[in-house]
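Coordinates as given in coords-v9.txt (compact mmCIF, C-alpha atoms):
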# COMPACT_ATOMS: atom_id res chain seq x y z
CA MET S 1 -11.65 -15.65 -12.06
CA PRO S 2 -12.70 -15.68 -15.72
CA GLN S 3 -16.20 -16.68 -16.70
CA VAL S 4 -16.84 -20.39 -16.53
CA GLY S 5 -17.47 -20.67 -20.23
CA GLU S 6 -19.79 -23.11 -21.91
CA ARG S 7 -19.55 -26.68 -20.69
CA MET S 8 -18.73 -28.82 -23.70
CA SER S 9 -19.73 -31.93 -21.85
CA ASN S 10 -19.88 -33.12 -18.30
CA THR S 11 -17.93 -36.26 -18.96
CA LEU S 12 -14.58 -37.49 -20.21
CA GLN S 13 -16.01 -40.86 -21.19
CA GLY S 14 -14.13 -42.32 -24.15
CA LYS S 15 -11.66 -39.41 -24.21
CA THR S 16 -7.92 -40.14 -24.36
CA LEU S 17 -5.66 -38.24 -21.97
CA PHE S 18 -1.89 -38.23 -22.39
CA ILE S 19 -0.50 -37.35 -18.95
CA THR S 20 3.20 -36.87 -18.28
CA GLY S 21 4.55 -37.80 -14.87
CA ALA S 22 1.37 -39.73 -14.12
CA SER S 23 2.87 -42.57 -12.09
CA ARG S 24 2.10 -40.71 -8.84
CA GLY S 25 0.88 -37.48 -7.27
CA ILE S 26 -1.08 -34.86 -9.17
CA GLY S 27 -0.67 -36.51 -12.58
CA LYS S 28 -2.11 -39.76 -11.29
CA ALA S 29 -4.95 -37.92 -9.50
CA ILE S 30 -5.97 -36.26 -12.79
CA GLY S 31 -5.87 -39.65 -14.50
CA LEU S 32 -7.96 -41.32 -11.79
CA ARG S 33 -10.65 -38.63 -11.96
CA ALA S 34 -10.88 -39.07 -15.72
CA ALA S 35 -10.90 -42.87 -15.32
CA ARG S 36 -14.06 -42.67 -13.21
CA ASP S 37 -15.81 -41.44 -16.36
CA GLY S 38 -14.39 -44.30 -18.42
CA ALA S 39 -11.58 -42.33 -20.05
CA ASN S 40 -8.45 -43.75 -21.66
CA VAL S 41 -5.35 -42.65 -19.79
CA VAL S 42 -1.82 -42.78 -21.19
CA ILE S 43 0.61 -42.84 -18.27
CA ALA S 44 3.73 -41.26 -19.76
CA ALA S 45 6.45 -41.42 -17.13
CA LYS S 46 9.88 -42.85 -16.36
CA THR S 47 9.32 -44.91 -13.22
CA THR S 48 9.25 -48.61 -14.00
CA GLU S 49 10.78 -49.95 -10.78
CA PRO S 50 9.59 -49.07 -7.25
CA HIS S 51 11.67 -46.45 -5.46
CA PRO S 52 11.98 -46.53 -1.65
CA LYS S 53 11.02 -42.84 -1.31
CA LEU S 54 8.80 -42.47 -4.37
CA PRO S 55 5.96 -44.99 -4.33
CA GLY S 56 4.28 -45.93 -7.59
CA THR S 57 5.33 -46.96 -11.09
CA ILE S 58 3.69 -46.57 -14.48
CA TYR S 59 2.39 -50.13 -14.04
CA THR S 60 0.86 -49.66 -10.58
CA ALA S 61 -0.73 -46.41 -11.79
CA ALA S 62 -2.16 -48.29 -14.79
CA GLU S 63 -3.71 -50.85 -12.45
CA GLU S 64 -5.34 -48.07 -10.42
CA ILE S 65 -6.69 -46.42 -13.57
CA GLU S 66 -8.25 -49.70 -14.69
CA LYS S 67 -9.78 -50.33 -11.24
CA ALA S 68 -11.27 -46.82 -11.30
CA GLY S 69 -13.11 -47.65 -14.53
CA GLY S 70 -10.78 -46.39 -17.24
CA LYS S 71 -8.47 -47.94 -19.78
CA ALA S 72 -4.75 -47.47 -19.22
CA LEU S 73 -1.66 -47.51 -21.38
CA ALA S 74 1.66 -47.42 -19.53
CA CYS S 75 4.43 -45.84 -21.61
CA ILE S 76 8.05 -45.38 -20.58
CA VAL S 77 8.68 -41.74 -21.46
CA ASP S 78 11.53 -39.36 -20.75
CA VAL S 79 10.16 -35.94 -21.70
CA ARG S 80 13.73 -34.74 -22.32
CA ASP S 81 13.88 -37.09 -25.32
CA GLU S 82 11.61 -36.19 -28.23
CA GLY S 83 12.08 -39.67 -29.72
CA SER S 84 10.70 -41.18 -26.53
CA ILE S 85 7.73 -38.79 -26.67
CA ALA S 86 7.03 -39.53 -30.34
CA GLU S 87 7.04 -43.27 -29.71
CA ALA S 88 4.55 -42.95 -26.85
CA VAL S 89 2.26 -40.61 -28.80
CA ALA S 90 2.24 -43.04 -31.74
CA LYS S 91 1.44 -45.92 -29.39
CA ALA S 92 -1.38 -43.92 -27.78
CA VAL S 93 -2.93 -43.09 -31.15
CA ALA S 94 -2.60 -46.70 -32.34
CA THR S 95 -4.20 -47.98 -29.14
CA PHE S 96 -7.02 -45.48 -28.62
CA GLY S 97 -7.46 -43.85 -32.03
CA GLY S 98 -6.34 -40.35 -31.11
CA ILE S 99 -5.53 -37.92 -28.31
CA ASP S 100 -8.07 -35.52 -26.80
CA VAL S 101 -6.14 -34.08 -23.89
CA LEU S 102 -2.48 -33.46 -23.07
CA VAL S 103 -1.58 -32.82 -19.43
CA ASN S 104 1.96 -31.49 -19.01
CA ASN S 105 2.57 -32.48 -15.40
CA ALA S 106 6.15 -33.84 -15.38
CA SER S 107 8.39 -31.49 -13.46
CA ALA S 108 11.70 -31.24 -11.63
CA ILE S 109 12.36 -29.02 -8.63
CA SER S 110 15.38 -27.65 -6.77
CA LEU S 111 14.73 -24.80 -4.36
CA THR S 112 18.28 -23.54 -4.44
CA GLY S 113 19.93 -20.17 -4.92
CA THR S 114 22.16 -19.28 -7.83
CA LEU S 115 25.45 -20.44 -6.31
CA GLN S 116 23.87 -23.61 -4.93
CA THR S 117 22.30 -24.72 -8.22
CA SER S 118 24.62 -26.90 -10.27
CA MET S 119 24.32 -26.53 -14.02
CA LYS S 120 23.37 -30.19 -14.19
CA ARG S 121 20.38 -29.45 -11.93
CA TYR S 122 19.60 -26.26 -13.89
CA ASP S 123 19.56 -28.23 -17.14
CA LEU S 124 17.40 -30.96 -15.60
CA MET S 125 14.72 -28.48 -14.53
CA HIS S 126 14.68 -26.60 -17.81
CA ASN S 127 14.80 -29.76 -19.94
CA ILE S 128 11.92 -31.41 -18.08
CA ASN S 129 9.75 -28.42 -17.22
CA THR S 130 9.98 -25.96 -20.10
CA ARG S 131 11.48 -28.03 -22.92
CA GLY S 132 9.51 -31.16 -22.02
CA THR S 133 6.25 -29.22 -22.02
CA PHE S 134 7.07 -27.69 -25.40
CA ALA S 135 8.15 -31.02 -26.89
CA CYS S 136 5.08 -32.93 -25.67
CA SER S 137 2.79 -30.18 -26.93
CA GLN S 138 4.51 -30.21 -30.31
CA ALA S 139 4.08 -33.99 -30.60
CA CYS S 140 0.41 -33.99 -29.58
CA ILE S 141 -0.92 -30.92 -31.42
CA PRO S 142 -1.45 -32.69 -34.80
CA HIS S 143 -3.63 -35.27 -33.02
CA LEU S 144 -5.39 -32.76 -30.76
CA ALA S 145 -6.35 -30.79 -33.87
CA LYS S 146 -8.51 -33.77 -34.92
CA ALA S 147 -10.30 -34.06 -31.56
CA LYS S 148 -13.76 -32.64 -30.80
CA ASN S 149 -12.84 -30.78 -27.61
CA PRO S 150 -9.03 -30.71 -27.42
CA HIS S 151 -7.20 -29.40 -24.37
CA ILE S 152 -3.62 -28.88 -23.25
CA LEU S 153 -3.30 -28.36 -19.51
CA ASN S 154 0.03 -27.35 -17.97
CA LEU S 155 0.62 -27.75 -14.24
CA SER S 156 2.27 -24.36 -13.90
CA PRO S 157 1.77 -21.10 -12.02
CA PRO S 158 0.26 -17.74 -12.85
CA LEU S 159 2.82 -15.39 -14.37
CA ASN S 160 3.28 -13.24 -11.28
CA MET S 161 6.47 -11.38 -12.18
CA GLU S 162 7.47 -10.46 -8.65
CA ALA S 163 11.06 -10.60 -7.40
CA ARG S 164 10.00 -12.53 -4.28
CA TRP S 165 9.14 -15.55 -6.41
CA PHE S 166 12.48 -15.48 -8.21
CA ALA S 167 15.05 -14.48 -5.60
CA PRO S 168 15.16 -17.68 -3.48
CA HIS S 169 15.26 -20.14 -6.42
CA VAL S 170 15.59 -18.29 -9.70
CA ALA S 171 16.44 -21.39 -11.77
CA TYR S 172 13.34 -23.31 -10.63
CA THR S 173 11.06 -20.31 -11.07
CA MET S 174 12.35 -19.72 -14.60
CA ALA S 175 11.73 -23.37 -15.48
CA LYS S 176 8.14 -23.33 -14.13
CA PHE S 177 7.36 -19.94 -15.67
CA GLY S 178 8.62 -21.37 -18.96
CA MET S 179 5.70 -23.81 -18.80
CA SER S 180 3.35 -20.89 -18.18
CA LEU S 181 4.81 -18.95 -21.09
CA CYS S 182 3.88 -21.93 -23.27
CA VAL S 183 0.28 -21.37 -22.14
CA LEU S 184 0.43 -17.66 -22.92
CA GLY S 185 1.78 -18.23 -26.43
CA MET S 186 0.18 -21.49 -27.49
CA ALA S 187 -3.32 -20.51 -26.34
CA GLU S 188 -3.29 -17.68 -28.87
CA GLU S 189 -1.42 -19.66 -31.51
CA LEU S 190 -3.77 -22.64 -31.38
CA LYS S 191 -7.03 -20.70 -31.02
CA PRO S 192 -7.89 -21.02 -34.74
CA GLN S 193 -7.70 -24.82 -34.38
CA GLY S 194 -9.95 -24.80 -31.32
CA ILE S 195 -7.26 -26.27 -29.06
CA ALA S 196 -7.50 -24.89 -25.54
CA VAL S 197 -4.28 -24.27 -23.61
CA ASN S 198 -4.61 -23.49 -19.90
CA ALA S 199 -2.58 -23.67 -16.69
CA LEU S 200 -3.61 -25.06 -13.32
CA TRP S 201 -1.87 -24.37 -10.02
CA PRO S 202 -2.77 -25.12 -6.39
CA ARG S 203 -3.58 -22.47 -3.79
CA THR S 204 -1.93 -24.58 -1.10
CA VAL S 205 0.87 -27.11 -0.94
CA ILE S 206 -0.25 -30.50 -2.29
CA ALA S 207 0.72 -33.68 -0.44
CA THR S 208 2.95 -35.46 -2.96
CA ALA S 209 6.11 -37.54 -2.65
CA ALA S 210 8.15 -34.53 -3.79
CA VAL S 211 6.75 -32.44 -0.94
CA GLN S 212 7.36 -35.24 1.54
CA ASN S 213 10.96 -35.78 0.45
CA LEU S 214 12.15 -32.37 -0.72
CA LEU S 215 10.11 -29.67 0.95
CA GLY S 216 9.97 -30.47 4.64
CA GLY S 217 8.50 -33.89 5.30
CA ASP S 218 5.58 -34.70 7.57
CA GLU S 219 5.08 -31.18 8.95
CA ILE S 220 4.57 -29.73 5.47
CA VAL S 221 2.28 -32.61 4.50
CA LYS S 222 0.08 -31.85 7.54
CA GLY S 223 -0.56 -28.37 6.14
CA SER S 224 -1.30 -29.66 2.64
CA ARG S 225 -4.29 -30.69 0.59
CA SER S 226 -4.53 -34.03 -1.19
CA PRO S 227 -3.79 -34.37 -4.92
CA GLU S 228 -7.48 -35.10 -5.48
CA ILE S 229 -8.26 -31.37 -5.39
CA MET S 230 -6.08 -30.93 -8.46
CA GLY S 231 -7.70 -33.93 -10.13
CA ASP S 232 -11.15 -32.45 -9.57
CA ALA S 233 -10.11 -28.95 -10.67
CA ALA S 234 -8.49 -30.33 -13.83
CA TYR S 235 -11.71 -32.19 -14.57
CA VAL S 236 -13.68 -28.94 -14.47
CA ILE S 237 -11.30 -27.35 -16.97
CA LEU S 238 -11.10 -30.34 -19.31
CA THR S 239 -14.88 -30.64 -19.62
CA ARG S 240 -15.24 -27.02 -20.69
CA SER S 241 -15.49 -25.98 -24.32
CA SER S 242 -12.00 -25.69 -25.76
CA ARG S 243 -13.15 -22.85 -27.99
CA GLU S 244 -14.68 -20.93 -25.08
CA PHE S 245 -12.10 -21.44 -22.34
CA THR S 246 -8.45 -20.98 -23.22
CA GLY S 247 -5.45 -18.93 -22.13
CA HIS S 248 -6.36 -18.95 -18.44
CA PHE S 249 -4.11 -19.39 -15.40
CA CYS S 250 -6.41 -21.26 -13.06
CA ILE S 251 -6.10 -21.83 -9.32
CA ASP S 252 -7.62 -25.05 -7.96
CA ASP S 253 -10.01 -23.59 -5.36
CA GLU S 254 -11.24 -20.82 -7.68
CA THR S 255 -11.84 -23.35 -10.44
CA LEU S 256 -13.91 -25.57 -8.16
CA ALA S 257 -15.83 -22.55 -6.80
CA SER S 258 -16.73 -21.56 -10.37
CA ALA S 259 -18.28 -25.01 -10.73
CA GLY S 260 -20.25 -24.64 -7.51
CA VAL S 261 -17.90 -26.52 -5.16
CA LYS S 262 -17.37 -24.36 -2.06
CA ASP S 263 -16.60 -26.87 0.70
CA LEU S 264 -13.00 -28.01 0.29
CA SER S 265 -12.61 -29.58 3.73
CA LYS S 266 -12.45 -33.13 2.35
CA TYR S 267 -9.16 -32.33 0.63
CA ALA S 268 -7.30 -31.26 3.80
CA MET S 269 -4.65 -33.74 4.95
CA THR S 270 -5.28 -32.52 8.52
CA PRO S 271 -8.98 -31.82 9.14
CA GLY S 272 -9.36 -28.24 10.31
CA GLY S 273 -5.60 -27.63 10.19
CA ASP S 274 -3.82 -24.53 8.94
CA LEU S 275 -3.04 -24.76 5.24
CA ILE S 276 0.33 -23.72 3.81
CA PRO S 277 0.15 -21.50 0.71
CA ASP S 278 1.99 -22.76 -2.37
CA PHE S 279 4.59 -20.75 -4.28
CA PHE S 280 3.60 -18.12 -6.82
CA VAL S 281 0.13 -17.29 -5.41
When written as structure tokens, how does the structure in this file appear?
Amino acid sequence: MPQVGERMSNTLQGKTLFITGASRGIGKAIGLRAARDGANVVIAAKTTEPHPKLPGTIYTAAEEIEKAGGKALACIVDVRDEGSIAEAVAKAVATFGGIDVLVNNASAISLTGTLQTSMKRYDLMHNINTRGTFACSQACIPHLAKAKNPHILNLSPPLNMEARWFAPHVAYTMAKFGMSLCVLGMAEELKPQGIAVNALWPRTVIATAAVQNLLGGDEIVKGSRSPEIMGDAAYVILTRSSREFTGHFCIDDETLASAGVKDLSKYAMTPGGDLIPDFFV
């Protein structure tokens, strides 16, 4: 794990976070942790109506952010559409005066082999994961450049170029690694402007609706950790100095350990249960 780096501040109070896919899961957890400091959270996501298998909308997430102590702005955003992104970014800046943090969390997944992956599904994953991350970063960078401690955080894996991570679902892996390649390139590109660009990935499976519905249901959830571990790990990264800590591929438990948090038992969905490792680590 890289050195912790200077802590810019131990609070996100008054900071504005633009979080994609924040209506549920990890994106919402990051927003809620920031809200406890009194942050402004822009919930940039598509879900406006409740879904039977995917609880939460941008409006219910906004209510939770407000209850947690933050200010919320719910924006209907499709990260595949740069016009939609631009409109939300403009609204965020008009409402809160700027953007301090961009969290690229929106993602699509299909754990299918080459012959089983339709081109429609391939395009969906690449347009949301890689292209969406690039487009949101592009739209936010001019505003981040004006912030005191600007961060971009991508929810994407370390660049472990091993065939075992590609062979079972090459299209998905390419789309997620595309997000990580944005970290590799943009961290160096944006260094002169003091904008940090980092990645965060979980050591274990995280209990989200996607895991429940797509990756094996209740049994997988039992071996998972709660999204709050990602919220807390993101908080550690986002309160570090953007000029000191950039270009890193962080893992949640290592990040928390570097901040002195060693006991992770509270995050386990099943106390004392066996945890299932996530992909790519």
Point to revise | Separation of atom CA of Gly38 of chain S from atom CA of Ala234 of chain S, in Å and rounded to one decimal | key: 15.8 Å
Check your understanding: Quick one: distance from atom CA of Ser224 of chain S to atom CA of Met269 of chain S in Å, one decimal?
Key -> 5.8 Å
Check your understanding: Which of these residues is nearest to Asn154 of chain S, using all atoms listed in the file: S:Val77, S:Lys191, S:Ile251, S:Thr47?
Key -> S:Ile251
Check your understanding: Between S:Arg80, S:Lys176, S:His151, S:Lys71, which is the closest to Ile237 of chain S once you count all atoms listed in the file?
Key ->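 With all atoms listed in the file as the atom set, the closest residue is S:His151.
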Practice item. Identify which of the residues S:Ile128, S:Ile109, S:Ile30, S:Val41 lies closest to Asp78 of chain S, counting all atoms listed in the file when measuring atom-to-atom distances. Key: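 Residue with the minimum atom-to-atom distance to Asp78 of chain S: S:Ile128.
When only C-alpha atoms are used to compute distances to Ala88 of chain S, the closest of the residues S:Phe18, S:Gly132, S:Thr48, S:Leu32 turns out to be S:Phe18.
Distance-wise, atom CA of Asp278 of chain S and atom CA of Val205 of chain S end up 4.7 Å apart.
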Point to revise | For Val103 of chain S, the nearest of the candidates S:Gly223, S:Pro192, S:Gly231, S:Gly14, counting all atoms listed in the file | key: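 Using all atoms listed in the file, Val103 of chain S sits closest to S:Gly231.
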Practice item. Please identify all polymer residues within 9 Å of Ile76 of chain S, counting all atoms listed in the file, omitting same-chain residues fewer than 3 positions from it, and present them as an MDAnalysis selection string. Key: chainID S and resid 43:48 58 84:85 88
Exercise for review: Please provide as JSON, numbers by chain all residues within 8 Å of Thr130 of chain S, with the sequence filter that same-chain residues fewer than 5 positions apart are discarded (counting all atoms listed in the file).
Suggested key: {"S": [125, 175, 176, 177, 178, 179, 182]}
Starting from the incomplete input, reconstruct N, CA, C and O atoms of segment 129-146 of chain S and report them as a tab-separated table (two decimals), in the frame of the given file.
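That gives us rebuild09.tsv:
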chain	number	residue	atom	x	y	z
S	129	ASN	N	10.88	-29.32	-17.40
S	129	ASN	CA	9.75	-28.42	-17.22
S	129	ASN	C	9.41	-27.67	-18.51
S	129	ASN	O	8.35	-27.89	-19.09
S	130	THR	N	10.29	-26.80	-18.94
S	130	THR	CA	9.98	-25.96	-20.10
S	130	THR	C	10.11	-26.73	-21.41
S	130	THR	O	9.17	-26.78	-22.21
S	131	ARG	N	11.25	-27.34	-21.64
S	131	ARG	CA	11.48	-28.03	-22.92
S	131	ARG	C	10.55	-29.24	-23.07
S	131	ARG	O	9.99	-29.48	-24.14
S	132	GLY	N	10.38	-29.99	-21.98
S	132	GLY	CA	9.51	-31.16	-22.02
S	132	GLY	C	8.07	-30.79	-22.34
S	132	GLY	O	7.39	-31.46	-23.12
S	133	THR	N	7.60	-29.71	-21.74
S	133	THR	CA	6.25	-29.22	-22.02
S	133	THR	C	6.11	-28.83	-23.49
S	133	THR	O	5.12	-29.17	-24.15
S	134	PHE	N	7.10	-28.11	-24.00
S	134	PHE	CA	7.07	-27.69	-25.40
S	134	PHE	C	7.10	-28.90	-26.33
S	134	PHE	O	6.32	-29.00	-27.29
S	135	ALA	N	7.99	-29.85	-26.03
S	135	ALA	CA	8.15	-31.02	-26.89
S	135	ALA	C	6.89	-31.90	-26.90
S	135	ALA	O	6.47	-32.39	-27.96
S	136	CYS	N	6.29	-32.11	-25.74
S	136	CYS	CA	5.08	-32.93	-25.67
S	136	CYS	C	3.92	-32.24	-26.39
S	136	CYS	O	3.13	-32.89	-27.09
S	137	SER	N	3.84	-30.93	-26.23
S	137	SER	CA	2.79	-30.18	-26.93
S	137	SER	C	2.98	-30.30	-28.44
S	137	SER	O	2.02	-30.58	-29.18
S	138	GLN	N	4.19	-30.11	-28.88
S	138	GLN	CA	4.51	-30.21	-30.31
S	138	GLN	C	4.11	-31.57	-30.88
S	138	GLN	O	3.54	-31.66	-31.97
S	139	ALA	N	4.38	-32.63	-30.13
S	139	ALA	CA	4.08	-33.99	-30.60
S	139	ALA	C	2.59	-34.29	-30.62
S	139	ALA	O	2.11	-35.06	-31.46
S	140	CYS	N	1.84	-33.67	-29.70
S	140	CYS	CA	0.41	-33.99	-29.58
S	140	CYS	C	-0.50	-33.09	-30.41
S	140	CYS	O	-1.62	-33.48	-30.74
S	141	ILE	N	-0.04	-31.88	-30.73
S	141	ILE	CA	-0.92	-30.92	-31.42
S	141	ILE	C	-1.54	-31.47	-32.71
S	141	ILE	O	-2.75	-31.29	-32.93
S	142	PRO	N	-0.80	-32.17	-33.58
S	142	PRO	CA	-1.45	-32.69	-34.80
S	142	PRO	C	-2.62	-33.62	-34.49
S	142	PRO	O	-3.60	-33.67	-35.27
S	143	HIS	N	-2.55	-34.35	-33.40
S	143	HIS	CA	-3.63	-35.27	-33.02
S	143	HIS	C	-4.75	-34.53	-32.29
S	143	HIS	O	-5.93	-34.80	-32.51
S	144	LEU	N	-4.38	-33.57	-31.44
S	144	LEU	CA	-5.39	-32.76	-30.76
S	144	LEU	C	-6.24	-31.99	-31.76
S	144	LEU	O	-7.44	-31.81	-31.56
S	145	ALA	N	-5.63	-31.57	-32.85
S	145	ALA	CA	-6.35	-30.79	-33.87
S	145	ALA	C	-7.50	-31.59	-34.49
S	145	ALA	O	-8.44	-31.00	-35.05
S	146	LYS	N	-7.46	-32.91	-34.36
S	146	LYS	CA	-8.51	-33.77	-34.92
S	146	LYS	C	-9.59	-34.09	-33.90
S	146	LYS	O	-10.61	-34.70	-34.23
